[in-house]
Structure formats: structure tokens, C-alpha cells
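Enquirer: I am attaching a structure below and will ask some questions about it afterwards.
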Amino acid sequence: MGLLSKKDSKLIVDPLTDNNPITIQVLGICSALAITAQLKPSIVMAVSVLFVMGVGNVVISLMRNIIPSKIRIIVQLIVVATLVIIVDQVLKAYSYALSKELSVFIGLIITNCIIMGRFEAFALGNGPWRSFLDGIGNALGYGVILIIVGFFRELLGSGTLFGFKVLGDPVEKTGLYAMGYENNGFMVLPPMALIVVGLIIWVQRSRNKALIED
Amino acid sequence: MAIDTEKNSYTVIFAVVMVIIVGAILAGLASGLKPLVKANERYEKQQNILYAMGINNNEGANDVEFIPTEVVEDEFKKYIKKQYVIQGGEVKEDNDAYLIDIKKEENKAKSGNYQRKLPLFVGEKEGKSIYIVPVRGKGLWDAIWGYVALDKDMVVQGVYFDHKGETPGLGAEIKQRYFMDDFTGEKFLDGDVFKGIKVAKGNNDPRNDIKNDHEVDALAGATITGDGVSAMLQKDVRMYKSYFETLN
């Protein structure tokens, strides 16, 4: 990371590993449950959050000295909501098909507690550049987990990836299914996302004992 | 310059200014983009209607492929021969029938003695007349709607479903090919009786080879959305039955 100082690059790398918003801070679980039944929506959600967090963190950071502390939460909410509506409107006008695809995620972005959390915890006390990096880092950390969970849920639940039947055809009984393999219908249901996230947390903590709280 | 951001007056002024700025940005954006959005919505309706009757670019593709927006208006004129509005048993031609807002009609009909307008589109494909009816109902979270293309005996020629906010990967799958394609060939009528088509869990016919059981295979994890589709078809397609009776 030649471009960034050590302190700055830590802002991006930390949330990807030892300070991951989902596995360590356990934030943003609701959207992780809702949309990870397939890989594609997981990626779309990750990208959307990346945009909103990057821009939102910068906006909040620029305003940090003039925001009255009494109404700062409302101000943060307005910033997220405004950004989300702008994205929604522009997509509707110029890329209608994509906006249909995103439909429900757009609303879900607002409810993502990671965004509000970073506004409150970081952007309000740091400059725009560092806030931008922090936003990108946390959104990436969130996105990576979404994509991992989405990958396993789609593969084991539906036997597909991006809608392609990678394990063979369950109806025609080809590929793995010819040998008696069955899709695990449980994986499609939201609670299984929690179990997959739990397994990721387990793996991560057993590799890095420093993360274990007693 | 030090501003006392803790003062009440400052807080109020900040709030007011912020609301005005944000309001202005959003209002400007929304009204500036409105014509584009409206046009997109119109194209989408035309694409959906044509999709249901089998005019689409599905061949060779895995996903739902509409005909491109650039040509949809011409194609719509080419394939949709007549558009009707049925109101209280009276059938009238109306070339803007596809723009009728089903939701508004539904609400108006609920609130009193109003006979709702029922749009119906008659398309022609390979010399055969296809009748397309719009449907609208409730999914798990929000509205679901679609278009059902029928022949004169109310046998399904194709469907298109869409939804506002069903769960991605579960209920949202109603707009996937593998679900919609199953409907083709299913019958709404059993003799002269309207039976509808059910999205059934215990269907035991995943390839949907049996076309006269009035059932298609349900989606795993989307029971309520599936029930919504069954109810929507039952309720809305039934309203057109008397029209189809006049065809034979």
C-alpha cells in the first residue's frame, strides 16, 4: 500500500480481518440474513453499501464541526436516506432494469446499522479522507462476509452459483444428484445464514486467540 | 470562527436549513427525472405484456430477457391488435388500456358501487389470438402483480410475474423463468367451471409434466408468496371468465 500511510491502510485492512463489522462487532446481521440466499443479491448489496458508506462518511465528516450534537443521529439518518433516494432515482431514470433488480436492497441499506455506526463512531471525529477510507474498509469487511455466506447458501441450498447449476440438475438427476446427493433446503431459509456467520466467527476466533473475550 | 453548536436556536436553524437543502435537492432531482422514469414505466408495461404472450428474447438465455426498450413501442403496436376495457359487462376498445392503474381501480371498486375497469389485450402470434389479462395481489411483504396470456379456452400461453418487495432468493423467485415457465399449458377451466391454478407444495410433479392438474410446483421457502400468486390468479382471472364465454 504505497499510496497510503500505515495508519491509513489499517483503516481499510482492520475491518476486513480483526475488526470485521459482522463477525466481530456483530452489526448488520439483519441484512446479512435477509439477502444471502443467493450469491448475486449478496454482491449487489455489498456494492450498494460500499457506495453509500464511502460517500456518506465523507459528507458527515465534512459537516462534523457544524452538526449540533443534539440532533446528530437525525442528521446522519437524513444523509443516508438522501443518498439512498438519489441512487434510487438516478437508477430508475437511467438504468431501469438494474433498479428493478435492486428494488428491496435500496430500502435495506438505510436500515444497515453499520452505516450509522461508522458515521457516529468515526466520521464525526475524523477528516474526510480518513473517513472515506474507514467507510470503504467497513463496507468491504461487510461485503466479504455477505459474499461468503451467499456462496455457501446458494451452493448448498440450491446447488447453483449465480443461477448456474454447478452441481448438476436436481430434477433430471445429473451430476452429483445422480449419486443420490440432495440440496439442503434448510440453507435457503434465513436462520441458516446465522449458522454460517457463526461458523465464520468460530473459524476466525480459533485462528486468532486474541479475539476471544472471556 | 467559533459557532456554539449547542445553542437551541442554532439547532433549530440547522435543522430547518438542512431540511430545505435536502428537500430542494430531492424535489429537483425527482421532477427533473420524472419524464424519464415515466417513459421507463410505460416501456416496462409493454415489455411485460409482450413477455407474457411469448414475445421476448428468451431463446438461448437463462434469464428473463425482454425485447429491448428501444423497439418495444413498435413491437407492441405490431403484436397487440386490440386493447379493450371491460366495465360492468360492457366491452369497449381503448388504445391506452395498458396504462390503466389496476391498483387504483381495485381501491375504487372497494369503496362503493363502482364497476372497475378491466383491461384486456388481444395479441396475435403465429396466426393465433392470445388474450392477456393483468393480475394483481398480495405477496408476503408487499404487492405482487403480473400478466397472464390465455387462449380462448383459458389455457395459459405464458405468464409474467413481478413483485415490489418479496424476499430475494425466496419469494422474489416468482419472476424467474423456472417458476413462470411452469404455468404454460396449465388450464384455468375444468369443463365450464373456473378452477384456477394453484401453486402447490405437495405437487409431486417438479417437471410439471401434468398439465391438467391445475397445479404448479411451489418455491421452497416462499409459501406465502406462492399462496399469494394462487389467490391473485383465482381472484383476478376469474373476473374475465364471462368475457371468455362470449368467445366460444
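Lettering and numbering for the C-alpha cells are positional, with chains as A, B, ... in the shown order, residues counted from 1 in each chain, and ligands counted from 1 in the shown order.
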So that I can check the surroundings of Lys152 in chain B, please list as number ranges by chain every protein, DNA and RNA residue that reaches within 7 Å of it, counting only C-alpha atoms and ignoring chain neighbours fewer than 2 positions away.
Expert: B: 150, 154, 244, 247
Enquirer: Could you list, with a cut-off of 10 Å and counting only C-alpha atoms, the residues of chain B near chain A, each shown with its nearest atom pair and the distance in Å rounded to one decimal, rows sorted by chain and ascending number, as a Markdown table?
Expert:
```
| residue | atom | partner | partner_atom | distance |
| --- | --- | --- | --- | --- |
| B:Ala2 | CA | A:Asn65 | CA | 9.7 |
| B:Ile3 | CA | A:Ile66 | CA | 7.7 |
| B:Asp4 | CA | A:Pro68 | CA | 8.7 |
| B:Thr5 | CA | A:Pro68 | CA | 4.9 |
| B:Glu6 | CA | A:Pro68 | CA | 6.0 |
| B:Lys7 | CA | A:Pro68 | CA | 8.2 |
| B:Asn8 | CA | A:Pro68 | CA | 8.9 |
| B:Tyr10 | CA | A:Pro68 | CA | 7.6 |
| B:Thr11 | CA | A:Pro68 | CA | 5.7 |
| B:Val12 | CA | A:Pro68 | CA | 9.2 |
| B:Phe14 | CA | A:Pro68 | CA | 7.6 |
| B:Ala15 | CA | A:Val75 | CA | 8.1 |
| B:Met18 | CA | A:Val75 | CA | 8.3 |
| B:Val19 | CA | A:Ile78 | CA | 8.7 |
| B:Val22 | CA | A:Thr82 | CA | 7.1 |
| B:Gly23 | CA | A:Thr82 | CA | 9.0 |
| B:Ile25 | CA | A:Thr82 | CA | 8.9 |
| B:Leu26 | CA | A:Ile86 | CA | 7.1 |
| B:Leu29 | CA | A:Gln89 | CA | 7.6 |
| B:Ala30 | CA | A:Gln89 | CA | 6.8 |
| B:Gly32 | CA | A:Ala93 | CA | 9.8 |
| B:Leu33 | CA | A:Ala93 | CA | 6.1 |
| B:Lys34 | CA | A:Ala93 | CA | 7.7 |
| B:Pro35 | CA | A:Ala93 | CA | 8.4 |
| B:Leu36 | CA | A:Ala93 | CA | 5.2 |
| B:Val37 | CA | A:Ala93 | CA | 4.8 |
| B:Lys38 | CA | A:Ala93 | CA | 8.5 |
| B:Ala39 | CA | A:Ala93 | CA | 8.8 |
| B:Asn40 | CA | A:Tyr96 | CA | 6.7 |
| B:Glu41 | CA | A:Tyr96 | CA | 8.5 |
| B:Glu44 | CA | A:Tyr96 | CA | 8.8 |
| B:Asn62 | CA | A:Gly163 | CA | 8.4 |
| B:Asp63 | CA | A:Gly163 | CA | 8.8 |
| B:Asp162 | CA | A:Lys100 | CA | 9.6 |
| B:His163 | CA | A:Ser103 | CA | 9.4 |
| B:Lys164 | CA | A:Ser103 | CA | 7.2 |
| B:Gly165 | CA | A:Val104 | CA | 5.4 |
| B:Glu166 | CA | A:Val104 | CA | 7.7 |
| B:Thr167 | CA | A:Ala34 | CA | 7.1 |
| B:Pro168 | CA | A:Ile35 | CA | 5.7 |
| B:Gly169 | CA | A:Ala37 | CA | 5.2 |
| B:Leu170 | CA | A:Val188 | CA | 7.5 |
| B:Ala172 | CA | A:Val104 | CA | 9.9 |
| B:Asp205 | CA | A:Val171 | CA | 9.8 |
| B:Pro206 | CA | A:Val171 | CA | 6.9 |
| B:Arg207 | CA | A:Val171 | CA | 6.9 |
| B:Ala220 | CA | A:Gly185 | CA | 7.1 |
| B:Gly221 | CA | A:Leu189 | CA | 6.3 |
| B:Ala222 | CA | A:Leu189 | CA | 9.4 |
```
Enquirer: Using only C-alpha atoms, which of B:Leu233, B:Val71, B:Met180, B:Ile224 sits nearest Ile197 in chain B?
Expert: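 So, comparing all the options, the nearest one is B:Leu233.
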Enquirer: What's the 12 Å shell around Pro68 in chain B, counting only C-alpha atoms, without same-chain residues fewer than 3 positions away, as a list in words?
Expert: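 Once the adjacent positions are removed, what remains is Tyr96 and Ala97 of chain A; Asn40, Tyr43, Glu44, Gln46, Gln47, Asn48, Leu50, Tyr51, Ile55, Asn56, Asn57, Asn58, Val64, Glu65, Val71, Val72, Glu73, Asp74, Glu75 and Phe76 of chain B.
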Enquirer: Report as a PyMOL selection string all protein, DNA and RNA residues lying within 10 Å of Ser129 in chain B, evaluated on only C-alpha atoms, omitting residues in the same chain fewer than 2 positions from it.
Expert: chain B and resi 53+80-81+122-127+131-132+150-152
Enquirer: Please report the interatomic distance between CA of Gln76 in chain A and CA of Glu120 in chain A in Å with one decimal.
Expert: 8.0 Å
Enquirer: Run DSSP on the backbone of this structure and report the residues of range 23-159 of chain A it assigns to helix (DSSP H, G or I), as a ChimeraX atom specification.
Expert: /A:29-35,39-62,69-94,96-110,113-121,123-125,128-158
Enquirer: Which residues are near Gly228 in chain B? Cut-off 8 Å, only C-alpha atoms, ignore same chain within fewer than 5 positions. Put them as JSON, numbers by chain.
Expert: {"B": [137, 138, 139, 140, 144]}
Enquirer: From the options B:Ile210, B:Val148, B:Val199, B:Ala143, which residue's atoms come nearest to Thr223 in chain B, counting only C-alpha atoms?
Expert: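 Under the stated criterion, the closest residue is B:Val199.
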Enquirer: Report the distance between CA of Glu93 in chain B and CA of Ala109 in chain B in Å, rounded to one decimal place.
Expert: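 Answer for the CA of Glu93 in chain B to CA of Ala109 in chain B separation: 20.8 Å.
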Enquirer: Once DSSP has gone over the backbone, tell me which residues of range 25-118 of chain B are in strand (DSSP E or B), as a ChimeraX atom specification.
Expert: /B:80-87,90-93,117-118
Enquirer: Need the shell around Ser5 in chain A: protein/DNA/RNA residues with any atom at most 12 Å away, counting only C-alpha atoms. Skip same-chain ones fewer than 5 positions apart. Format as a list in words?
Expert: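 Residues meeting the cut-off are Lys10, Leu11, Ile12, Trp129, Arg130 and Leu133 of chain A.
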Enquirer: Need to verify the contact set: Val144 in chain A, 12 Å, only C-alpha atoms, exclusion of same-chain residues closer than 2 positions in sequence. Can you return it as a PDB file with C-alpha atoms, in the first residue's frame?
Expert:
```pdb
ATOM      1  CA  PRO A  15     -12.452  -4.196   9.208  1.00  0.00           C
ATOM      2  CA  LEU A  16     -11.586  -6.961   6.762  1.00  0.00           C
ATOM      3  CA  THR A  17      -9.941  -9.043   9.444  1.00  0.00           C
ATOM      4  CA  ASN A  20     -14.933  -7.081  10.964  1.00  0.00           C
ATOM      5  CA  PRO A  21     -18.302  -5.361  11.379  1.00  0.00           C
ATOM      6  CA  ILE A  22     -20.262  -8.606  11.102  1.00  0.00           C
ATOM      7  CA  THR A  23     -18.114 -11.255  12.746  1.00  0.00           C
ATOM      8  CA  ALA A  32     -26.938 -10.497   6.153  1.00  0.00           C
ATOM      9  CA  THR A  36     -27.756 -14.008   1.272  1.00  0.00           C
ATOM     10  CA  LEU A  39     -24.733 -15.003  -4.443  1.00  0.00           C
ATOM     11  CA  SER A  42     -25.214 -10.532  -1.888  1.00  0.00           C
ATOM     12  CA  ILE A  43     -22.767  -8.908  -4.280  1.00  0.00           C
ATOM     13  CA  VAL A  44     -25.245  -6.241  -5.333  1.00  0.00           C
ATOM     14  CA  MET A  45     -25.903  -5.390  -1.699  1.00  0.00           C
ATOM     15  CA  ALA A  46     -22.177  -5.258  -0.954  1.00  0.00           C
ATOM     16  CA  VAL A  47     -21.590  -2.799  -3.795  1.00  0.00           C
ATOM     17  CA  VAL A  49     -23.373  -0.388   0.774  1.00  0.00           C
ATOM     18  CA  LEU A  50     -19.849   0.383  -0.428  1.00  0.00           C
ATOM     19  CA  GLY A 137     -12.934  -0.605   4.685  1.00  0.00           C
ATOM     20  CA  ASN A 138     -16.021  -1.375   6.717  1.00  0.00           C
ATOM     21  CA  ALA A 139     -18.185  -1.799   3.649  1.00  0.00           C
ATOM     22  CA  LEU A 140     -15.632  -4.240   2.246  1.00  0.00           C
ATOM     23  CA  GLY A 141     -15.496  -6.149   5.511  1.00  0.00           C
ATOM     24  CA  TYR A 142     -19.273  -6.372   5.454  1.00  0.00           C
ATOM     25  CA  LEU A 146     -22.076 -11.396   2.714  1.00  0.00           C
ATOM     26  CA  ILE A 147     -20.423 -12.964  -0.303  1.00  0.00           C
ATOM     27  CA  ILE A 148     -19.011 -15.902   1.683  1.00  0.00           C
ATOM     28  CA  VAL A 149     -22.413 -16.590   3.252  1.00  0.00           C
ATOM     29  CA  GLY A 150     -24.199 -16.117  -0.083  1.00  0.00           C
ATOM     30  CA  PHE A 151     -21.777 -18.528  -1.761  1.00  0.00           C
ATOM     31  CA  VAL A 197     -21.968 -16.499  10.154  1.00  0.00           C
ATOM     32  CA  ILE A 200     -17.137 -17.986  10.230  1.00  0.00           C
TER      33      ILE A 200
END
```
Enquirer: Just how far from CA of Ile136 in chain A is CA of Asp8 in chain A, in Å to one decimal?
Expert: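 Atom-to-atom, CA of Asp8 in chain A and CA of Ile136 in chain A are spaced 11.6 Å apart.
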Enquirer: Have a look at B:Val91, B:Tyr147, B:Val155, B:Gly171 and name the one nearest to Gly196 in chain B; count only C-alpha atoms.
Expert: B:Val155
